[in-house]
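Each remark here refers to the structure printed beneath this line.
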Amino acid sequence: MRKAFVLCCSIALLGMPGAAGAQDWTKSKWGPNDEIGAANYMTPELVLKAASLVKTGKTYALGIPVDTKTPAYPPRTFKITIVQPGQAGIDGLGPNKATYNDDIIDTWVGIGSQLDGLGHLGVAHVYYNGNKLADFADPNGLKKLGIEKVPPMVTRGVLLDMAAYYNTDIVKEGTAFNVKEIDEAAKKQGVEIRQGDVVIFHTGWLSLIGKDDKRYSAGEPGLGVEGAKYLTSKGVVAVGADTWALEVLPFEGKTVFEVHQILLAMNGTYILENMDTAELAKDKGYEFLFVLGQPRWRGGVQSMINPIAIR
């Protein structure tokens, strides 16, 4: 198994930044101590421009509700327990009989709508900015690249409606979005992808949850290798989709999660998974103010999130 993984990682390096004669992807252009990657593209000036996109005040929750039945990449699971601490056998606390509920969550973080941090995917145990697993990964939390380092994401969001592009409700699994598809979909919608953007694909795939969980988990349409390189060349902050892994499955070749490697490890570009884009696509909300402040679990790899799109 390990030999197969190393082989896949070796193949993934061919033709990518980091291969012989190419720029060394293990060295960030923001310096040897950088831990936030493409978030560096966000500036106060960019935030002001993005805020000007708000015309109606309508908001869209891009996160999905999560429960024990939410399908997830194995072995990820979720459980919530509701308790009433110190209240057993009594009417309540104090003369006013105050009562309350608390909750305990036992879960993998990478379930439902989620943000992949830069410590999530690497190449042969090397991660963003050349950080080696043995130097920064600890069972008690990452020593570098923790999810708490990610600054608030407030920037221009761009939705690419790939379901409309293919004239279907649900884009077929195995459909890859590369330069041609990205450019044509953007042109059809009259939008331009710019540095500092968050780009999100709508495919209709999320609508399978609760209806056909087996199909939802078995594959998906998504970003291709060429498309990932294209978007990072434009300087986007993050790329997301209404799918569980963002990238196309089955994979385009023999490599494994190569798109994740290109985005996270090689370019410091964040990944947003299971984004609820249905309402935004219905309203043709192709550009908007994107706002995200994730839970800041120190040393965390990922975060459950509920980003907001505002138009």
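Following the order of the structure tokens, first chain is A, next is B, and so on, with residues numbered from 1 inside each chain and ligands from 1 in the order they appear.
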
Open item on the list: Residues of segment 256-292 of chain A classed as strand (DSSP E or B) by DSSP on the backbone are to be reported as number ranges by chain.
Closed with: A: 270-273, 287-292

Could you save the residues just selected, with all heavy atoms, as a PDB file, in the first residue's frame?
ATOM      1  N   TYR A 270      -6.548  27.265  -0.838  1.00  0.00           N
ATOM      2  CA  TYR A 270      -7.454  26.517   0.032  1.00  0.00           C
ATOM      3  C   TYR A 270      -8.553  25.808  -0.761  1.00  0.00           C
ATOM      4  O   TYR A 270      -8.880  26.187  -1.886  1.00  0.00           O
ATOM      5  CB  TYR A 270      -8.071  27.447   1.071  1.00  0.00           C
ATOM      6  CG  TYR A 270      -7.032  28.039   1.990  1.00  0.00           C
ATOM      7  CD1 TYR A 270      -6.406  29.242   1.673  1.00  0.00           C
ATOM      8  CD2 TYR A 270      -6.643  27.385   3.154  1.00  0.00           C
ATOM      9  CE1 TYR A 270      -5.425  29.782   2.501  1.00  0.00           C
ATOM     10  CE2 TYR A 270      -5.664  27.915   3.987  1.00  0.00           C
ATOM     11  CZ  TYR A 270      -5.063  29.114   3.646  1.00  0.00           C
ATOM     12  OH  TYR A 270      -4.095  29.626   4.464  1.00  0.00           O
ATOM     13  N   ILE A 271      -9.121  24.775  -0.131  1.00  0.00           N
ATOM     14  CA  ILE A 271     -10.181  23.986  -0.754  1.00  0.00           C
ATOM     15  C   ILE A 271     -11.435  24.044   0.105  1.00  0.00           C
ATOM     16  O   ILE A 271     -11.380  23.881   1.325  1.00  0.00           O
ATOM     17  CB  ILE A 271      -9.728  22.520  -0.943  1.00  0.00           C
ATOM     18  CG1 ILE A 271      -8.599  22.446  -1.972  1.00  0.00           C
ATOM     19  CG2 ILE A 271     -10.903  21.639  -1.365  1.00  0.00           C
ATOM     20  CD1 ILE A 271      -8.021  21.050  -2.156  1.00  0.00           C
ATOM     21  N   LEU A 272     -12.565  24.274  -0.553  1.00  0.00           N
ATOM     22  CA  LEU A 272     -13.878  24.310   0.099  1.00  0.00           C
ATOM     23  C   LEU A 272     -14.715  23.173  -0.461  1.00  0.00           C
ATOM     24  O   LEU A 272     -14.938  23.106  -1.673  1.00  0.00           O
ATOM     25  CB  LEU A 272     -14.572  25.643  -0.180  1.00  0.00           C
ATOM     26  CG  LEU A 272     -13.767  26.908   0.135  1.00  0.00           C
ATOM     27  CD1 LEU A 272     -14.436  28.126  -0.484  1.00  0.00           C
ATOM     28  CD2 LEU A 272     -13.631  27.084   1.639  1.00  0.00           C
ATOM     29  N   GLU A 273     -15.186  22.297   0.402  1.00  0.00           N
ATOM     30  CA  GLU A 273     -15.931  21.118  -0.054  1.00  0.00           C
ATOM     31  C   GLU A 273     -17.360  21.128   0.475  1.00  0.00           C
ATOM     32  O   GLU A 273     -17.647  21.683   1.535  1.00  0.00           O
ATOM     33  CB  GLU A 273     -15.204  19.844   0.386  1.00  0.00           C
ATOM     34  CG  GLU A 273     -13.841  19.718  -0.273  1.00  0.00           C
ATOM     35  CD  GLU A 273     -12.944  18.648   0.329  1.00  0.00           C
ATOM     36  OE1 GLU A 273     -13.169  18.256   1.496  1.00  0.00           O
ATOM     37  OE2 GLU A 273     -12.004  18.225  -0.360  1.00  0.00           O
ATOM     38  N   GLU A 287     -21.359  36.467  -9.090  1.00  0.00           N
ATOM     39  CA  GLU A 287     -20.316  37.131  -8.316  1.00  0.00           C
ATOM     40  C   GLU A 287     -20.949  37.748  -7.074  1.00  0.00           C
ATOM     41  O   GLU A 287     -22.076  38.222  -7.107  1.00  0.00           O
ATOM     42  CB  GLU A 287     -19.543  38.158  -9.137  1.00  0.00           C
ATOM     43  CG  GLU A 287     -20.324  39.309  -9.680  1.00  0.00           C
ATOM     44  CD  GLU A 287     -19.423  40.337 -10.358  1.00  0.00           C
ATOM     45  OE1 GLU A 287     -18.182  40.267 -10.227  1.00  0.00           O
ATOM     46  OE2 GLU A 287     -19.979  41.244 -11.012  1.00  0.00           O
ATOM     47  N   PHE A 288     -20.198  37.722  -5.984  1.00  0.00           N
ATOM     48  CA  PHE A 288     -20.770  38.086  -4.693  1.00  0.00           C
ATOM     49  C   PHE A 288     -19.659  38.360  -3.689  1.00  0.00           C
ATOM     50  O   PHE A 288     -18.472  38.075  -3.951  1.00  0.00           O
ATOM     51  CB  PHE A 288     -21.665  36.948  -4.178  1.00  0.00           C
ATOM     52  CG  PHE A 288     -21.029  35.581  -4.262  1.00  0.00           C
ATOM     53  CD1 PHE A 288     -20.259  35.084  -3.215  1.00  0.00           C
ATOM     54  CD2 PHE A 288     -21.165  34.807  -5.411  1.00  0.00           C
ATOM     55  CE1 PHE A 288     -19.648  33.839  -3.300  1.00  0.00           C
ATOM     56  CE2 PHE A 288     -20.561  33.554  -5.520  1.00  0.00           C
ATOM     57  CZ  PHE A 288     -19.805  33.071  -4.458  1.00  0.00           C
ATOM     58  N   LEU A 289     -20.052  38.901  -2.546  1.00  0.00           N
ATOM     59  CA  LEU A 289     -19.122  39.049  -1.435  1.00  0.00           C
ATOM     60  C   LEU A 289     -19.079  37.722  -0.691  1.00  0.00           C
ATOM     61  O   LEU A 289     -20.111  37.217  -0.244  1.00  0.00           O
ATOM     62  CB  LEU A 289     -19.590  40.160  -0.497  1.00  0.00           C
ATOM     63  CG  LEU A 289     -18.787  40.344   0.802  1.00  0.00           C
ATOM     64  CD1 LEU A 289     -17.352  40.750   0.503  1.00  0.00           C
ATOM     65  CD2 LEU A 289     -19.462  41.378   1.700  1.00  0.00           C
ATOM     66  N   PHE A 290     -17.885  37.157  -0.570  1.00  0.00           N
ATOM     67  CA  PHE A 290     -17.686  35.880   0.124  1.00  0.00           C
ATOM     68  C   PHE A 290     -17.099  36.166   1.495  1.00  0.00           C
ATOM     69  O   PHE A 290     -16.103  36.887   1.619  1.00  0.00           O
ATOM     70  CB  PHE A 290     -16.731  34.983  -0.682  1.00  0.00           C
ATOM     71  CG  PHE A 290     -16.413  33.670  -0.013  1.00  0.00           C
ATOM     72  CD1 PHE A 290     -17.195  32.555  -0.238  1.00  0.00           C
ATOM     73  CD2 PHE A 290     -15.311  33.561   0.835  1.00  0.00           C
ATOM     74  CE1 PHE A 290     -16.898  31.342   0.373  1.00  0.00           C
ATOM     75  CE2 PHE A 290     -15.015  32.356   1.452  1.00  0.00           C
ATOM     76  CZ  PHE A 290     -15.812  31.238   1.216  1.00  0.00           C
ATOM     77  N   VAL A 291     -17.728  35.600   2.535  1.00  0.00           N
ATOM     78  CA  VAL A 291     -17.279  35.836   3.908  1.00  0.00           C
ATOM     79  C   VAL A 291     -17.141  34.507   4.650  1.00  0.00           C
ATOM     80  O   VAL A 291     -18.068  33.704   4.679  1.00  0.00           O
ATOM     81  CB  VAL A 291     -18.275  36.739   4.674  1.00  0.00           C
ATOM     82  CG1 VAL A 291     -17.781  36.979   6.095  1.00  0.00           C
ATOM     83  CG2 VAL A 291     -18.473  38.061   3.951  1.00  0.00           C
ATOM     84  N   LEU A 292     -15.989  34.279   5.248  1.00  0.00           N
ATOM     85  CA  LEU A 292     -15.753  33.058   6.019  1.00  0.00           C
ATOM     86  C   LEU A 292     -14.841  33.343   7.210  1.00  0.00           C
ATOM     87  O   LEU A 292     -13.742  33.871   7.053  1.00  0.00           O
ATOM     88  CB  LEU A 292     -15.109  31.975   5.144  1.00  0.00           C
ATOM     89  CG  LEU A 292     -14.576  30.736   5.879  1.00  0.00           C
ATOM     90  CD1 LEU A 292     -15.714  29.993   6.586  1.00  0.00           C
ATOM     91  CD2 LEU A 292     -13.847  29.802   4.927  1.00  0.00           C
TER      92      LEU A 292
END

Pull the alpha helix (DSSP H) assignments for segment 170-266 of chain A out of DSSP run on the backbone, and list those residues as a PDB file with N, CA, C and O atoms, in the first residue's frame.
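Output contents, as saved in result.pdb:
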ATOM      1  N   VAL A 179      -9.199  24.021 -18.491  1.00  0.00           N
ATOM      2  CA  VAL A 179      -9.154  25.389 -18.994  1.00  0.00           C
ATOM      3  C   VAL A 179     -10.330  25.703 -19.908  1.00  0.00           C
ATOM      4  O   VAL A 179     -10.998  26.734 -19.761  1.00  0.00           O
ATOM      5  N   LYS A 180     -10.597  24.835 -20.853  1.00  0.00           N
ATOM      6  CA  LYS A 180     -11.685  25.067 -21.809  1.00  0.00           C
ATOM      7  C   LYS A 180     -13.011  25.248 -21.093  1.00  0.00           C
ATOM      8  O   LYS A 180     -13.754  26.204 -21.351  1.00  0.00           O
ATOM      9  N   GLU A 181     -13.330  24.317 -20.215  1.00  0.00           N
ATOM     10  CA  GLU A 181     -14.619  24.360 -19.522  1.00  0.00           C
ATOM     11  C   GLU A 181     -14.727  25.576 -18.595  1.00  0.00           C
ATOM     12  O   GLU A 181     -15.780  26.224 -18.521  1.00  0.00           O
ATOM     13  N   ILE A 182     -13.649  25.884 -17.898  1.00  0.00           N
ATOM     14  CA  ILE A 182     -13.656  27.029 -16.979  1.00  0.00           C
ATOM     15  C   ILE A 182     -13.841  28.330 -17.747  1.00  0.00           C
ATOM     16  O   ILE A 182     -14.683  29.163 -17.394  1.00  0.00           O
ATOM     17  N   ASP A 183     -13.076  28.508 -18.816  1.00  0.00           N
ATOM     18  CA  ASP A 183     -13.154  29.744 -19.594  1.00  0.00           C
ATOM     19  C   ASP A 183     -14.519  29.886 -20.275  1.00  0.00           C
ATOM     20  O   ASP A 183     -15.097  30.984 -20.294  1.00  0.00           O
ATOM     21  N   GLU A 184     -15.018  28.805 -20.834  1.00  0.00           N
ATOM     22  CA  GLU A 184     -16.307  28.884 -21.532  1.00  0.00           C
ATOM     23  C   GLU A 184     -17.456  29.146 -20.577  1.00  0.00           C
ATOM     24  O   GLU A 184     -18.367  29.925 -20.890  1.00  0.00           O
ATOM     25  N   ALA A 185     -17.425  28.519 -19.403  1.00  0.00           N
ATOM     26  CA  ALA A 185     -18.484  28.748 -18.414  1.00  0.00           C
ATOM     27  C   ALA A 185     -18.435  30.188 -17.917  1.00  0.00           C
ATOM     28  O   ALA A 185     -19.478  30.849 -17.777  1.00  0.00           O
ATOM     29  N   ALA A 186     -17.238  30.703 -17.658  1.00  0.00           N
ATOM     30  CA  ALA A 186     -17.092  32.081 -17.187  1.00  0.00           C
ATOM     31  C   ALA A 186     -17.567  33.072 -18.251  1.00  0.00           C
ATOM     32  O   ALA A 186     -18.276  34.042 -17.943  1.00  0.00           O
ATOM     33  N   LYS A 187     -17.198  32.822 -19.497  1.00  0.00           N
ATOM     34  CA  LYS A 187     -17.601  33.702 -20.588  1.00  0.00           C
ATOM     35  C   LYS A 187     -19.111  33.692 -20.765  1.00  0.00           C
ATOM     36  O   LYS A 187     -19.735  34.744 -20.962  1.00  0.00           O
ATOM     37  N   LYS A 188     -19.715  32.515 -20.674  1.00  0.00           N
ATOM     38  CA  LYS A 188     -21.170  32.383 -20.802  1.00  0.00           C
ATOM     39  C   LYS A 188     -21.887  33.187 -19.729  1.00  0.00           C
ATOM     40  O   LYS A 188     -22.947  33.764 -19.965  1.00  0.00           O
ATOM     41  N   GLN A 189     -21.299  33.243 -18.535  1.00  0.00           N
ATOM     42  CA  GLN A 189     -21.904  33.957 -17.418  1.00  0.00           C
ATOM     43  C   GLN A 189     -21.518  35.434 -17.379  1.00  0.00           C
ATOM     44  O   GLN A 189     -22.073  36.204 -16.600  1.00  0.00           O
ATOM     45  N   ASP A 213     -27.056   8.272  -1.711  1.00  0.00           N
ATOM     46  CA  ASP A 213     -25.777   8.459  -1.023  1.00  0.00           C
ATOM     47  C   ASP A 213     -24.668   7.604  -1.629  1.00  0.00           C
ATOM     48  O   ASP A 213     -23.496   7.999  -1.630  1.00  0.00           O
ATOM     49  N   LYS A 214     -25.041   6.456  -2.146  1.00  0.00           N
ATOM     50  CA  LYS A 214     -24.041   5.564  -2.738  1.00  0.00           C
ATOM     51  C   LYS A 214     -23.406   6.215  -3.961  1.00  0.00           C
ATOM     52  O   LYS A 214     -22.179   6.207  -4.125  1.00  0.00           O
ATOM     53  N   ARG A 215     -24.228   6.787  -4.818  1.00  0.00           N
ATOM     54  CA  ARG A 215     -23.686   7.460  -6.005  1.00  0.00           C
ATOM     55  C   ARG A 215     -22.898   8.700  -5.601  1.00  0.00           C
ATOM     56  O   ARG A 215     -21.825   8.956  -6.154  1.00  0.00           O
ATOM     57  N   TYR A 216     -23.428   9.451  -4.649  1.00  0.00           N
ATOM     58  CA  TYR A 216     -22.754  10.660  -4.172  1.00  0.00           C
ATOM     59  C   TYR A 216     -21.324  10.351  -3.733  1.00  0.00           C
ATOM     60  O   TYR A 216     -20.396  11.101  -4.038  1.00  0.00           O
ATOM     61  N   SER A 217     -21.130   9.247  -3.030  1.00  0.00           N
ATOM     62  CA  SER A 217     -19.826   8.914  -2.460  1.00  0.00           C
ATOM     63  C   SER A 217     -18.898   8.189  -3.423  1.00  0.00           C
ATOM     64  O   SER A 217     -17.686   8.141  -3.200  1.00  0.00           O
ATOM     65  N   ALA A 218     -19.451   7.639  -4.507  1.00  0.00           N
ATOM     66  CA  ALA A 218     -18.658   6.790  -5.393  1.00  0.00           C
ATOM     67  C   ALA A 218     -17.809   7.563  -6.389  1.00  0.00           C
ATOM     68  O   ALA A 218     -16.799   7.063  -6.897  1.00  0.00           O
ATOM     69  N   VAL A 225      -6.687  18.410 -13.303  1.00  0.00           N
ATOM     70  CA  VAL A 225      -5.310  18.817 -13.035  1.00  0.00           C
ATOM     71  C   VAL A 225      -4.958  20.100 -13.782  1.00  0.00           C
ATOM     72  O   VAL A 225      -4.418  21.051 -13.212  1.00  0.00           O
ATOM     73  N   GLU A 226      -5.271  20.151 -15.067  1.00  0.00           N
ATOM     74  CA  GLU A 226      -4.994  21.346 -15.866  1.00  0.00           C
ATOM     75  C   GLU A 226      -5.757  22.543 -15.313  1.00  0.00           C
ATOM     76  O   GLU A 226      -5.237  23.656 -15.229  1.00  0.00           O
ATOM     77  N   GLY A 227      -7.006  22.306 -14.915  1.00  0.00           N
ATOM     78  CA  GLY A 227      -7.832  23.373 -14.356  1.00  0.00           C
ATOM     79  C   GLY A 227      -7.277  23.905 -13.050  1.00  0.00           C
ATOM     80  O   GLY A 227      -7.326  25.107 -12.783  1.00  0.00           O
ATOM     81  N   ALA A 228      -6.737  22.998 -12.223  1.00  0.00           N
ATOM     82  CA  ALA A 228      -6.154  23.411 -10.948  1.00  0.00           C
ATOM     83  C   ALA A 228      -4.938  24.303 -11.177  1.00  0.00           C
ATOM     84  O   ALA A 228      -4.763  25.337 -10.512  1.00  0.00           O
ATOM     85  N   LYS A 229      -4.093  23.918 -12.105  1.00  0.00           N
ATOM     86  CA  LYS A 229      -2.910  24.736 -12.418  1.00  0.00           C
ATOM     87  C   LYS A 229      -3.333  26.093 -12.979  1.00  0.00           C
ATOM     88  O   LYS A 229      -2.714  27.132 -12.682  1.00  0.00           O
ATOM     89  N   TYR A 230      -4.376  26.093 -13.762  1.00  0.00           N
ATOM     90  CA  TYR A 230      -4.880  27.325 -14.375  1.00  0.00           C
ATOM     91  C   TYR A 230      -5.385  28.299 -13.312  1.00  0.00           C
ATOM     92  O   TYR A 230      -5.044  29.486 -13.323  1.00  0.00           O
ATOM     93  N   LEU A 231      -6.188  27.807 -12.377  1.00  0.00           N
ATOM     94  CA  LEU A 231      -6.747  28.677 -11.345  1.00  0.00           C
ATOM     95  C   LEU A 231      -5.675  29.193 -10.402  1.00  0.00           C
ATOM     96  O   LEU A 231      -5.711  30.356  -9.978  1.00  0.00           O
ATOM     97  N   THR A 232      -4.694  28.357 -10.065  1.00  0.00           N
ATOM     98  CA  THR A 232      -3.619  28.843  -9.191  1.00  0.00           C
ATOM     99  C   THR A 232      -2.759  29.880  -9.914  1.00  0.00           C
ATOM    100  O   THR A 232      -2.251  30.808  -9.284  1.00  0.00           O
ATOM    101  N   SER A 233      -2.633  29.752 -11.218  1.00  0.00           N
ATOM    102  CA  SER A 233      -1.860  30.742 -11.990  1.00  0.00           C
ATOM    103  C   SER A 233      -2.543  32.103 -11.973  1.00  0.00           C
ATOM    104  O   SER A 233      -1.897  33.135 -12.155  1.00  0.00           O
ATOM    105  N   GLU A 258      -4.358  14.419  -6.927  1.00  0.00           N
ATOM    106  CA  GLU A 258      -3.332  15.311  -7.467  1.00  0.00           C
ATOM    107  C   GLU A 258      -3.779  16.770  -7.441  1.00  0.00           C
ATOM    108  O   GLU A 258      -2.960  17.676  -7.231  1.00  0.00           O
ATOM    109  N   VAL A 259      -5.065  17.010  -7.658  1.00  0.00           N
ATOM    110  CA  VAL A 259      -5.579  18.380  -7.607  1.00  0.00           C
ATOM    111  C   VAL A 259      -5.385  18.963  -6.210  1.00  0.00           C
ATOM    112  O   VAL A 259      -4.990  20.127  -6.052  1.00  0.00           O
ATOM    113  N   HIS A 260      -5.632  18.156  -5.178  1.00  0.00           N
ATOM    114  CA  HIS A 260      -5.381  18.596  -3.806  1.00  0.00           C
ATOM    115  C   HIS A 260      -3.912  18.983  -3.619  1.00  0.00           C
ATOM    116  O   HIS A 260      -3.601  19.977  -2.964  1.00  0.00           O
ATOM    117  N   MET A 266       1.354  22.781  -3.235  1.00  0.00           N
ATOM    118  CA  MET A 266       2.222  23.467  -4.187  1.00  0.00           C
ATOM    119  C   MET A 266       1.943  24.947  -4.346  1.00  0.00           C
ATOM    120  O   MET A 266       2.815  25.702  -4.780  1.00  0.00           O
TER     121      MET A 266
END

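For the choices A:Tyr286, A:Tyr60, A:Trp30, A:Trp297, the atom-to-atom distance to Gly190 of chain A is smallest for A:Tyr286 when using only C-alpha atoms.
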
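When atom CA of Gly110 of chain A is paired with atom CA of Leu145 of chain A, their separation reads 16.2 Å.
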
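You will find atom CA of Leu264 of chain A at 27.6 Å from atom CA of Ile105 of chain A.
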
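The closest residue to Val191 of chain A, picked from A:Asp161, A:Asp212, A:Glu35, A:Asp169 and counting only C-alpha atoms, is A:Asp161.
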
Open item on the list: Under the rule that only C-alpha atoms are counted, which of A:Thr155, A:Lys27, A:Leu115, A:Gly94 is the nearest residue to Pro44 of chain A?
Closed with: A:Thr155

Task: Shell around Leu206 of chain A at 9 Å using only C-alpha atoms, local window under 6 positions removed, as JSON, numbers by chain - done: {"A": [170, 216, 242, 243, 244, 274, 275, 276, 277, 278]}
